[in-house]
file upload-v4.cif (mmCIF, C-alpha atoms (C1' of nucleotides))
data_final
#
loop_
_atom_site.label_atom_id
_atom_site.label_comp_id
_atom_site.auth_asym_id
_atom_site.auth_seq_id
_atom_site.Cartn_x
_atom_site.Cartn_y
_atom_site.Cartn_z
CA MET A 276 30.24 -141.00 159.33
CA PHE A 277 29.69 -142.10 162.89
CA LYS A 278 28.33 -145.57 162.34
CA CYS A 279 27.81 -147.40 165.60
CA SER A 280 27.47 -151.13 165.82
CA LYS A 281 24.15 -152.88 166.05
CA GLN A 282 25.44 -154.42 169.23
CA GLU A 283 25.90 -151.08 170.91
CA GLU A 284 22.34 -150.18 170.13
CA LEU A 285 21.15 -153.43 171.60
CA ILE A 286 22.99 -152.73 174.81
CA ALA A 287 21.48 -149.28 175.09
CA ALA A 288 18.03 -150.62 174.34
CA ARG A 289 18.38 -153.27 177.00
CA LEU A 290 19.58 -150.85 179.60
CA PHE A 291 16.59 -148.66 178.89
CA GLU A 292 14.09 -151.47 178.73
CA LEU A 293 15.47 -153.10 181.83
CA ASN A 294 14.89 -150.04 183.91
CA LYS A 295 11.49 -149.41 182.49
CA GLN A 296 10.34 -152.88 183.46
CA THR A 297 12.17 -153.14 186.73
CA MET A 298 11.08 -149.88 188.30
CA PRO A 299 7.34 -150.58 188.56
CA LYS A 300 8.00 -154.14 189.69
CA PHE A 301 10.29 -152.85 192.37
CA GLU A 302 7.59 -150.59 193.67
CA ARG A 303 5.01 -153.35 193.67
CA CYS A 304 7.31 -155.83 195.41
CA THR A 305 8.75 -153.52 198.02
CA GLY A 306 5.84 -151.17 198.52
CA ILE A 307 7.96 -148.07 198.05
CA SER A 308 9.58 -146.21 195.19
CA GLN A 309 13.28 -146.45 194.51
CA SER A 310 13.73 -142.71 194.99
CA ARG A 311 11.92 -142.56 198.26
CA LEU A 312 13.77 -145.54 199.63
CA GLU A 313 17.04 -143.92 198.72
CA ILE A 314 16.04 -140.86 200.67
CA LEU A 315 15.09 -142.92 203.70
CA ARG A 316 18.27 -144.90 203.50
CA GLU A 317 20.38 -141.79 203.38
CA LEU A 318 18.53 -140.48 206.40
CA PHE A 319 19.14 -143.74 208.20
CA GLU A 320 22.85 -143.51 207.68
CA ALA A 321 23.16 -139.82 208.33
CA GLU A 322 21.09 -139.67 211.51
CA GLU A 323 20.41 -135.98 211.00
CA ILE A 324 21.09 -134.05 207.85
CA THR A 325 19.99 -130.90 206.06
CA GLN A 326 17.65 -131.16 203.13
CA ARG A 327 20.32 -129.64 200.98
CA GLU A 328 22.87 -132.29 201.88
CA LEU A 329 20.28 -134.98 201.44
CA GLN A 330 19.42 -133.65 198.03
CA LYS A 331 23.02 -133.75 196.94
CA LYS A 332 23.43 -137.33 198.13
CA VAL A 333 20.40 -138.77 196.41
CA ASN A 334 20.77 -136.55 193.38
CA ILE A 335 17.10 -135.69 192.99
CA ASP A 336 15.72 -132.27 192.27
CA HIS A 337 15.23 -129.95 195.26
CA ALA A 338 11.53 -129.70 194.62
CA ALA A 339 11.10 -133.45 194.51
CA VAL A 340 12.97 -133.85 197.78
CA THR A 341 10.74 -131.30 199.45
CA ARG A 342 7.64 -133.11 198.28
CA HIS A 343 8.89 -136.53 199.31
CA LEU A 344 9.74 -135.26 202.76
CA LYS A 345 6.41 -133.57 203.15
CA GLN A 346 4.65 -136.85 202.50
CA LEU A 347 7.00 -138.80 204.71
CA GLU A 348 6.36 -136.31 207.47
CA GLU A 349 2.61 -136.75 207.11
CA LYS A 350 3.12 -140.49 207.46
CA GLY A 351 5.08 -139.89 210.64
CA MET A 352 8.31 -141.32 209.31
CA VAL A 353 10.49 -138.22 209.43
CA ILE A 354 10.77 -135.07 211.47
CA ARG A 355 11.97 -131.72 210.25
CA ARG A 356 13.27 -128.80 212.26
CA LYS A 357 14.90 -125.54 211.35
CA ASN A 358 18.53 -125.00 212.17
CA PRO A 359 18.37 -122.41 214.98
CA ALA A 360 21.72 -121.00 213.96
CA ASP A 361 20.66 -120.50 210.35
CA ASN A 362 16.99 -120.55 209.59
CA ARG A 363 17.51 -121.27 205.92
CA PHE A 364 18.51 -124.83 206.67
CA THR A 365 16.14 -127.58 207.63
CA TYR A 366 17.36 -130.64 209.46
CA VAL A 367 15.64 -133.90 208.68
CA SER A 368 15.73 -137.08 210.71
CA LEU A 369 13.89 -140.38 210.94
CA THR A 370 11.37 -141.05 213.67
CA GLU A 371 11.60 -144.29 215.60
CA GLU A 372 8.71 -145.57 213.57
CA GLY A 373 10.54 -144.56 210.43
CA LYS A 374 13.62 -146.46 211.48
CA THR A 375 11.79 -149.69 212.02
CA LYS A 376 9.88 -149.34 208.78
CA ILE A 377 12.91 -148.69 206.68
CA ALA A 378 14.50 -151.88 207.91
CA ALA A 379 11.59 -153.83 206.46
CA TYR A 380 11.78 -151.93 203.21
CA CYS A 381 15.47 -152.61 202.88
CA GLU A 382 14.96 -156.29 203.42
CA GLU A 383 12.37 -156.33 200.68
CA LYS A 384 14.75 -154.49 198.46
CA GLN A 385 17.53 -156.97 199.08
CA ARG A 386 15.25 -159.85 198.34
CA PHE A 387 14.23 -158.14 195.14
CA ILE A 388 17.77 -157.44 194.02
CA SER A 389 18.87 -160.97 194.77
CA LYS A 390 16.19 -162.27 192.45
CA ILE A 391 17.20 -159.84 189.73
CA LEU A 392 20.80 -160.99 189.90
CA ASP A 393 20.01 -164.64 190.33
CA GLY A 394 22.57 -166.90 188.71
CA PHE A 395 25.43 -164.41 188.73
CA SER A 396 28.70 -165.56 190.21
CA GLU A 397 30.83 -163.36 192.40
CA LEU A 398 33.20 -162.83 189.50
CA GLU A 399 30.44 -161.97 187.08
CA ARG A 400 28.95 -159.47 189.47
CA SER A 401 32.31 -157.87 189.85
CA THR A 402 32.76 -157.65 186.09
CA LEU A 403 29.30 -156.21 185.62
CA LEU A 404 29.73 -153.61 188.32
CA ASN A 405 33.00 -152.60 186.78
CA MET A 406 31.44 -152.19 183.36
CA LEU A 407 28.54 -150.18 184.66
CA THR A 408 30.94 -147.92 186.46
CA ARG A 409 32.84 -147.32 183.26
CA ILE A 410 29.66 -146.47 181.44
CA GLN A 411 28.72 -144.12 184.21
CA GLU A 412 32.04 -142.35 183.82
CA ASN A 413 31.44 -141.97 180.11
CA VAL A 414 28.06 -140.47 180.81
CA ASP A 415 29.55 -138.07 183.32
CA ASN A 416 31.99 -136.87 180.68
CA LEU A 417 29.32 -135.81 178.23
CA MET B 23 20.34 -156.47 209.36
CA PHE B 24 21.29 -155.91 205.71
CA LYS B 25 22.15 -159.34 204.43
CA CYS B 26 22.37 -159.20 200.66
CA SER B 27 25.82 -158.60 199.35
CA LYS B 28 26.91 -155.02 199.20
CA GLN B 29 28.00 -155.71 195.66
CA GLU B 30 24.55 -156.65 194.49
CA GLU B 31 23.16 -153.45 195.91
CA LEU B 32 25.85 -151.45 194.19
CA ILE B 33 24.96 -152.98 190.88
CA ALA B 34 21.31 -152.19 191.32
CA ALA B 35 22.10 -148.66 192.42
CA ARG B 36 24.30 -148.11 189.40
CA LEU B 37 21.74 -149.42 186.99
CA PHE B 38 19.20 -147.08 188.46
CA GLU B 39 21.50 -144.09 188.65
CA LEU B 40 22.83 -144.70 185.18
CA ASN B 41 19.41 -144.48 183.63
CA LYS B 42 18.42 -141.49 185.67
CA GLN B 43 21.41 -139.55 184.44
CA THR B 44 21.46 -140.83 180.91
CA MET B 45 17.85 -140.22 180.00
CA PRO B 46 17.82 -136.42 180.25
CA LYS B 47 21.22 -136.19 178.56
CA PHE B 48 19.94 -138.31 175.75
CA GLU B 49 17.06 -135.97 175.22
CA ARG B 50 19.28 -132.92 175.26
CA CYS B 51 21.81 -134.43 172.86
CA THR B 52 19.40 -135.93 170.38
CA GLY B 53 16.51 -133.51 170.70
CA ILE B 54 13.95 -136.26 171.23
CA SER B 55 12.91 -138.59 174.01
CA GLN B 56 13.90 -142.21 174.03
CA SER B 57 10.28 -143.33 174.01
CA ARG B 58 9.27 -141.14 171.14
CA LEU B 59 12.27 -142.16 169.08
CA GLU B 60 11.41 -145.79 169.64
CA ILE B 61 7.95 -145.16 168.32
CA LEU B 62 9.28 -143.40 165.24
CA ARG B 63 11.78 -146.13 164.65
CA GLU B 64 9.17 -148.80 164.82
CA LEU B 65 7.06 -146.84 162.36
CA PHE B 66 10.03 -146.52 160.06
CA GLU B 67 10.57 -150.25 159.98
CA ALA B 68 6.92 -151.20 159.80
CA GLU B 69 5.89 -148.79 157.04
CA GLU B 70 2.27 -148.93 158.16
CA ILE B 71 1.05 -150.44 161.41
CA THR B 72 -1.91 -150.27 163.76
CA GLN B 73 -1.59 -148.34 166.99
CA ARG B 74 -2.21 -151.55 168.86
CA GLU B 75 0.68 -153.35 167.18
CA LEU B 76 2.87 -150.35 167.67
CA GLN B 77 2.00 -150.25 171.34
CA LYS B 78 2.95 -153.89 171.79
CA LYS B 79 6.27 -153.37 170.03
CA VAL B 80 7.41 -150.38 172.04
CA ASN B 81 5.82 -151.62 175.24
CA ILE B 82 4.41 -148.29 176.35
CA ASP B 83 0.96 -147.73 177.76
CA HIS B 84 -1.88 -147.33 175.24
CA ALA B 85 -2.68 -143.89 176.52
CA ALA B 86 0.90 -142.73 176.18
CA VAL B 87 1.07 -143.99 172.62
CA THR B 88 -2.09 -142.13 171.72
CA ARG B 89 -0.69 -138.92 173.14
CA HIS B 90 2.68 -139.29 171.46
CA LEU B 91 1.02 -139.90 168.10
CA LYS B 92 -1.27 -136.96 168.52
CA GLN B 93 1.70 -134.67 169.02
CA LEU B 94 3.65 -136.26 166.19
CA GLU B 95 0.65 -135.75 163.95
CA GLU B 96 0.48 -132.08 164.87
CA LYS B 97 4.12 -131.76 163.92
CA GLY B 98 3.37 -133.34 160.58
CA MET B 99 5.57 -136.37 161.13
CA VAL B 100 2.92 -139.09 161.07
CA ILE B 101 -0.45 -139.71 159.45
CA ARG B 102 -3.27 -141.73 160.93
CA ARG B 103 -6.21 -143.30 159.16
CA LYS B 104 -8.91 -145.70 160.23
CA ASN B 105 -8.90 -149.21 158.89
CA PRO B 106 -11.91 -149.22 156.53
CA ALA B 107 -12.46 -152.90 157.15
CA ASP B 108 -12.55 -152.47 160.92
CA ASN B 109 -13.05 -149.02 162.28
CA ARG B 110 -11.64 -149.90 165.67
CA PHE B 111 -8.15 -150.02 164.26
CA THR B 112 -6.09 -146.99 163.35
CA TYR B 113 -3.22 -147.29 160.94
CA VAL B 114 -0.21 -145.07 161.53
CA SER B 115 2.54 -144.22 159.10
CA LEU B 116 5.37 -141.75 158.72
CA THR B 117 5.11 -138.78 156.40
CA GLU B 118 7.98 -138.09 154.03
CA GLU B 119 9.07 -135.31 156.33
CA GLY B 120 8.94 -137.73 159.22
CA LYS B 121 11.14 -140.21 157.41
CA THR B 122 13.87 -137.70 156.75
CA LYS B 123 13.75 -136.38 160.27
CA ILE B 124 13.99 -139.74 161.92
CA ALA B 125 17.16 -140.50 160.00
CA ALA B 126 18.80 -137.50 161.62
CA TYR B 127 17.54 -138.50 165.04
CA CYS B 128 18.91 -142.00 164.64
CA GLU B 129 22.31 -140.69 163.72
CA GLU B 130 22.32 -138.54 166.82
CA LYS B 131 21.34 -141.53 168.84
CA GLN B 132 24.15 -143.64 167.46
CA ARG B 133 26.66 -140.96 168.16
CA PHE B 134 25.34 -140.71 171.69
CA ILE B 135 25.48 -144.44 172.32
CA SER B 136 28.99 -144.68 170.94
CA LYS B 137 30.13 -142.12 173.47
CA ILE B 138 28.40 -143.95 176.28
CA LEU B 139 30.14 -147.20 175.40
CA ASP B 140 33.46 -145.65 174.62
CA GLY B 141 36.39 -147.90 175.52
CA PHE B 142 34.50 -151.16 175.35
CA SER B 143 35.97 -153.91 173.22
CA GLU B 144 33.88 -156.14 171.04
CA LEU B 145 34.25 -158.93 173.57
CA GLU B 146 33.30 -156.74 176.47
CA ARG B 147 30.22 -155.49 174.71
CA SER B 148 29.21 -159.03 174.00
CA THR B 149 29.68 -160.00 177.63
CA LEU B 150 27.74 -157.00 178.83
CA LEU B 151 24.86 -157.58 176.48
CA ASN B 152 24.72 -161.17 177.59
CA MET B 153 24.58 -160.18 181.24
CA LEU B 154 21.89 -157.61 180.70
CA THR B 155 19.86 -160.16 178.84
CA ARG B 156 20.14 -162.56 181.74
CA ILE B 157 19.03 -159.89 184.16
CA GLN B 158 16.13 -159.07 181.90
CA GLU B 159 15.09 -162.70 181.99
CA ASN B 160 15.21 -162.68 185.76
CA VAL B 161 13.02 -159.61 185.83
CA ASP B 162 10.56 -161.21 183.46
CA ASN B 163 10.25 -164.18 185.79
CA LEU B 164 9.14 -162.13 188.76
"C1'" DG C 10 -32.17 -159.21 164.64
"C1'" DG C 11 -30.64 -158.16 169.34
"C1'" DT C 12 -27.89 -158.81 173.36
"C1'" DC C 13 -23.41 -159.64 175.18
"C1'" DA C 14 -18.49 -160.04 175.25
"C1'" DA C 15 -14.13 -158.58 173.37
"C1'" DT C 16 -11.09 -155.18 171.27
"C1'" DT C 17 -9.21 -150.43 170.05
"C1'" DA C 18 -8.64 -145.93 171.01
"C1'" DT C 19 -9.41 -141.99 173.81
"C1'" DT C 20 -9.93 -139.24 177.93
"C1'" DG C 21 -9.48 -138.23 182.90
"C1'" DA C 22 -7.21 -138.67 187.32
"C1'" DT C 23 -3.03 -139.30 189.56
"C1'" DG C 24 2.05 -139.69 190.64
"C1'" DC C 25 6.51 -138.22 190.09
"C1'" DA C 26 10.23 -135.82 187.91
"C1'" DT C 27 12.09 -131.39 186.07
"C1'" DC C 28 12.76 -126.24 185.55
"C1'" DA C 29 11.59 -121.54 186.79
"C1'" DA C 30 10.05 -118.23 189.95
"C1'" DT C 31 9.30 -116.91 194.63
"C1'" DT C 32 10.03 -116.54 199.63
"C1'" DA C 33 12.83 -116.31 203.57
"C1'" DC C 34 16.97 -115.78 205.47
"C1'" DT C 35 22.13 -114.72 205.96
"C1'" DA C 36 26.42 -112.52 205.02
"C1'" DT C 37 29.17 -109.08 202.96
"C1'" DA C 38 30.53 -104.65 201.29
"C1'" DA C 39 29.78 -99.64 200.53
"C1'" DT D 221 23.06 -99.74 208.32
"C1'" DT D 222 21.54 -100.53 204.37
"C1'" DA D 223 21.88 -102.40 199.79
"C1'" DT D 224 23.14 -106.42 197.44
"C1'" DA D 225 24.33 -110.97 196.44
"C1'" DG D 226 23.93 -115.73 197.57
"C1'" DT D 227 21.73 -119.92 199.58
"C1'" DA D 228 17.77 -123.04 201.14
"C1'" DA D 229 13.30 -124.33 200.72
"C1'" DT D 230 8.93 -123.99 198.71
"C1'" DT D 231 5.45 -123.46 195.16
"C1'" DG D 232 3.71 -123.40 190.37
"C1'" DA D 233 3.79 -124.90 185.61
"C1'" DT D 234 4.80 -128.51 182.64
"C1'" DG D 235 5.92 -133.20 180.67
"C1'" DC D 236 5.43 -137.91 180.64
"C1'" DA D 237 4.15 -142.31 182.46
"C1'" DT D 238 0.54 -145.26 184.57
"C1'" DC D 239 -4.24 -147.07 185.66
"C1'" DA D 240 -9.22 -146.75 185.32
"C1'" DA D 241 -13.25 -145.57 182.98
"C1'" DT D 242 -15.55 -144.61 178.74
"C1'" DA D 243 -16.88 -144.59 173.79
"C1'" DA D 244 -17.06 -146.84 169.44
"C1'" DT D 245 -16.94 -150.84 166.80
"C1'" DT D 246 -17.12 -155.73 165.74
"C1'" DG D 247 -18.30 -160.64 166.16
"C1'" DA D 248 -20.68 -164.47 168.18
"C1'" DC D 249 -24.43 -166.76 169.94
"C1'" DC D 250 -29.44 -167.14 171.28
#
call {"tool": "encode", "arguments": {"input": "upload-v4.cif", "output": "structure tokens"}}
result
Amino acid sequence: MFKCSKQEELIAARLFELNKQTMPKFERCTGISQSRLEILRELFEAEEITQRELQKKVNIDHAAVTRHLKQLEEKGMVIRRKNPADNRFTYVSLTEEGKTKIAAYCEEKQRFISKILDGFSELERSTLLNMLTRIQENVDNL
Amino acid sequence: MFKCSKQEELIAARLFELNKQTMPKFERCTGISQSRLEILRELFEAEEITQRELQKKVNIDHAAVTRHLKQLEEKGMVIRRKNPADNRFTYVSLTEEGKTKIAAYCEEKQRFISKILDGFSELERSTLLNMLTRIQENVDNL
DNA sequence: GGTCAATTATTGATGCATCAATTACTATAA
DNA sequence: TTATAGTAATTGATGCATCAATAATTGACC
């Protein structure tokens, strides 16, 4: 049949378990969810962008993006405005307050990631990234 | 401003992205969620086990375990009975139907994992597993 | 024996993701 | 110009995870 090695199962289990444990710790350490930080980061780099483009970049469901942005707007971190030339589109951008806050979040994130990858040499990190990329490609081709 | 290596961030991003994309595909391919399959698998190996022990093994919240088991019971895959010697404990076990079904699920899972790790040599898999384990340890020590 | 602490399981509230349906708008073709 | 198709954003329903609070049971200690 299609017998797969015990080792392969262990790898899959670890990948799954790793994420499950890391995600909540990330939120507790940084004070923000991974998804939301990704959105903010994309906004930081893009300056101004439509929700649609943003959604494609962060690869989260439309509905989820809308809800994140609504909350971020309430907190005064982002501003939204309709595209005057095409009212279907909504431009999103960071407020000044948002820009300063995201810097702090990103620093927290970096600190967090450094701890996670503690003890890995440059070469090892390169190897790991390469492997993860290959797995990602396999997943894409399903 | 951003002072942790770009590479480290890429690794973290890939780990996160990988799981986000893999999880739903796993469910579609195998017809069951990763969490639920883990529960069934544990039950398969344990024969009969208390919910509490099961919960510790699969490392999911008590409440979630209760809800999973309730649904699995409705589907006729598991049976629950109180421990007569201590009514606080509930023993859980697979039905015969459950046992046959889980075998099929596991095969699907193996097929899925094999595709995900396609192209990896024995040595590479070993290296990868080792790295993931090290990361896991780092996460544990947070 | 009766009170108190500890343990298991359940339920409720909440957060976040998805899909499906809806609304609002634009562009194109008859 | 009007009907139609397509796109963006929103809202609603649902699923699954967590934490917090509660109920039920047991054991220990006075």
call {"tool": "closest_atom_pairs", "arguments": {"input": "upload-v4.cif", "of": "chain A", "to": "chain D", "cutoff": "9 Å", "atoms": "all atoms listed in the file", "output": "tab-separated table"}}
result
residue	atom	partner	partner_atom	distance
A:Gln326	CA	D:DA228	C1'	8.4
A:Arg327	CA	D:DA228	C1'	7.1
A:His337	CA	D:DA229	C1'	8.1
A:Ala338	CA	D:DT230	C1'	7.5
A:Thr341	CA	D:DA229	C1'	7.5
A:Asn362	CA	D:DA228	C1'	8.8
A:Arg363	CA	D:DA228	C1'	5.1
A:Phe364	CA	D:DA228	C1'	5.9
A:Thr365	CA	D:DA228	C1'	8.1
call {"tool": "resolve_selection", "arguments": {"input": "upload-v4.cif", "expression": "the PyMOL selection byres ((chain A) within 12 of (chain C))", "output": "list in words"}}
result
Ser308, Gln309, Ser310, Arg311, Asn334, Ile335, Asp336, His337, Ala338, Ala339, Val340, Arg342, His343, Lys357, Asn358, Pro359, Ala360, Asp361, Asn362, Arg363 and Phe364 of chain A
call {"tool": "closest_atom_pairs", "arguments": {"input": "upload-v4.cif", "of": "chain A", "to": "chain B", "cutoff": "9 Å", "atoms": "all atoms listed in the file", "output": "tab-separated table"}}
result
residue	atom	partner	partner_atom	distance
A:Phe277	CA	B:Arg133	CA	6.2
A:Lys278	CA	B:Gln132	CA	6.9
A:Cys279	CA	B:Gln132	CA	5.6
A:Ser280	CA	B:Gln132	CA	8.4
A:Gln282	CA	B:Arg147	CA	7.4
A:Glu283	CA	B:Ile135	CA	6.8
A:Glu284	CA	B:Ile135	CA	6.9
A:Leu285	CA	B:Leu151	CA	7.4
A:Ile286	CA	B:Leu151	CA	5.5
A:Ala287	CA	B:Ile135	CA	6.9
A:Arg289	CA	B:Leu154	CA	6.7
A:Leu290	CA	B:Leu154	CA	7.2
A:Phe291	CA	B:Asn41	CA	6.9
A:Glu292	CA	B:Gln158	CA	8.5
A:Leu293	CA	B:Gln158	CA	6.0
A:Asn294	CA	B:Phe38	CA	6.9
A:Gln296	CA	B:Val161	CA	7.6
A:Thr297	CA	B:Val161	CA	6.6
A:Met298	CA	B:Phe38	CA	8.6
A:Lys300	CA	B:Leu164	CA	8.1
A:Gln309	CA	B:Phe38	CA	8.5
A:Asn334	CA	B:Glu39	CA	8.9
A:Ala378	CA	B:Met23	CA	7.6
A:Cys381	CA	B:Phe24	CA	7.3
A:Glu382	CA	B:Phe24	CA	6.7
A:Lys384	CA	B:Glu31	CA	8.8
A:Gln385	CA	B:Cys26	CA	5.6
A:Arg386	CA	B:Cys26	CA	7.5
A:Ile388	CA	B:Glu30	CA	6.8
A:Ser389	CA	B:Cys26	CA	7.1
A:Lys390	CA	B:Asn160	CA	6.8
A:Ile391	CA	B:Asn160	CA	5.3
A:Leu392	CA	B:Ile157	CA	6.1
A:Asp393	CA	B:Asn160	CA	6.9
A:Gly394	CA	B:Arg156	CA	8.6
A:Phe395	CA	B:Met153	CA	8.6
A:Glu397	CA	B:Gln29	CA	8.8
A:Glu399	CA	B:Met153	CA	8.5
A:Arg400	CA	B:Glu30	CA	7.2
A:Ser401	CA	B:Gln29	CA	7.5
A:Thr402	CA	B:Leu150	CA	8.9
A:Leu403	CA	B:Leu150	CA	7.0
A:Leu404	CA	B:Ile33	CA	5.5
A:Met406	CA	B:Leu150	CA	7.6
A:Leu407	CA	B:Arg36	CA	6.7
A:Thr408	CA	B:Arg36	CA	7.3
A:Arg409	CA	B:Leu139	CA	8.3
A:Ile410	CA	B:Ile138	CA	5.9
A:Gln411	CA	B:Leu40	CA	6.0
A:Glu412	CA	B:Ile138	CA	8.5
A:Asn413	CA	B:Ile138	CA	5.3
A:Val414	CA	B:Ile138	CA	5.7
A:Asp415	CA	B:Gln43	CA	8.3
A:Leu417	CA	B:Lys137	CA	7.9
call {"tool": "atom_distance", "arguments": {"input": "upload-v4.cif", "atom1": "CA of Ile101 in chain B", "atom2": "CA of Arg50 in chain B"}}
result
26.2 Å
call {"tool": "atom_distance", "arguments": {"input": "upload-v4.cif", "atom1": "CA of Arg103 in chain B", "atom2": "CA of Ser115 in chain B"}}
result
8.8 Å
call {"tool": "atom_distance", "arguments": {"input": "upload-v4.cif", "atom1": "CA of Pro46 in chain B", "atom2": "CA of Lys331 in chain A"}}
result
17.7 Å
call {"tool": "residues_around", "arguments": {"input": "upload-v4.cif", "residues": "Glu119 in chain B", "least_positions_apart": "4", "cutoff": "8 Å", "atoms": "only C-alpha atoms (C1' of nucleotides)", "output": "ChimeraX atom specification"}}
result
/B:98-99,123
call {"tool": "decode", "arguments": {"input": "upload-v4.cif", "residues": "range 222-249 of chain D", "atoms": "C-alpha atoms (C1' of nucleotides)", "output": "JSON list (two decimals), in the first residue's frame"}}
result
[["chain", "number", "residue", "atom", "x", "y", "z"],
["D", 222, "DT", "C1'", -30.78, 49.20, -19.36],
["D", 223, "DA", "C1'", -29.78, 44.46, -18.25],
["D", 224, "DT", "C1'", -26.17, 41.61, -16.79],
["D", 225, "DA", "C1'", -21.96, 40.06, -15.07],
["D", 226, "DG", "C1'", -18.15, 40.82, -12.06],
["D", 227, "DT", "C1'", -15.69, 42.75, -7.99],
["D", 228, "DA", "C1'", -15.14, 44.59, -3.07],
["D", 229, "DA", "C1'", -16.68, 44.70, 1.33],
["D", 230, "DT", "C1'", -19.73, 43.38, 4.83],
["D", 231, "DT", "C1'", -22.67, 40.44, 7.59],
["D", 232, "DG", "C1'", -24.44, 35.97, 9.30],
["D", 233, "DA", "C1'", -23.91, 31.13, 10.43],
["D", 234, "DT", "C1'", -20.88, 27.75, 11.89],
["D", 235, "DG", "C1'", -16.74, 25.23, 13.82],
["D", 236, "DC", "C1'", -13.19, 24.86, 16.95],
["D", 237, "DA", "C1'", -10.07, 26.46, 20.41],
["D", 238, "DT", "C1'", -9.38, 28.80, 24.91],
["D", 239, "DC", "C1'", -10.44, 30.40, 29.76],
["D", 240, "DA", "C1'", -13.56, 30.82, 33.66],
["D", 241, "DA", "C1'", -17.15, 29.19, 36.41],
["D", 242, "DT", "C1'", -19.88, 25.43, 38.01],
["D", 243, "DA", "C1'", -21.41, 20.74, 39.41],
["D", 244, "DA", "C1'", -20.36, 16.29, 41.17],
["D", 245, "DT", "C1'", -17.45, 13.32, 43.55],
["D", 246, "DT", "C1'", -13.75, 11.88, 46.60],
["D", 247, "DG", "C1'", -10.37, 12.03, 50.36],
["D", 248, "DA", "C1'", -8.29, 14.03, 54.37],
["D", 249, "DC", "C1'", -8.27, 16.11, 58.63]]
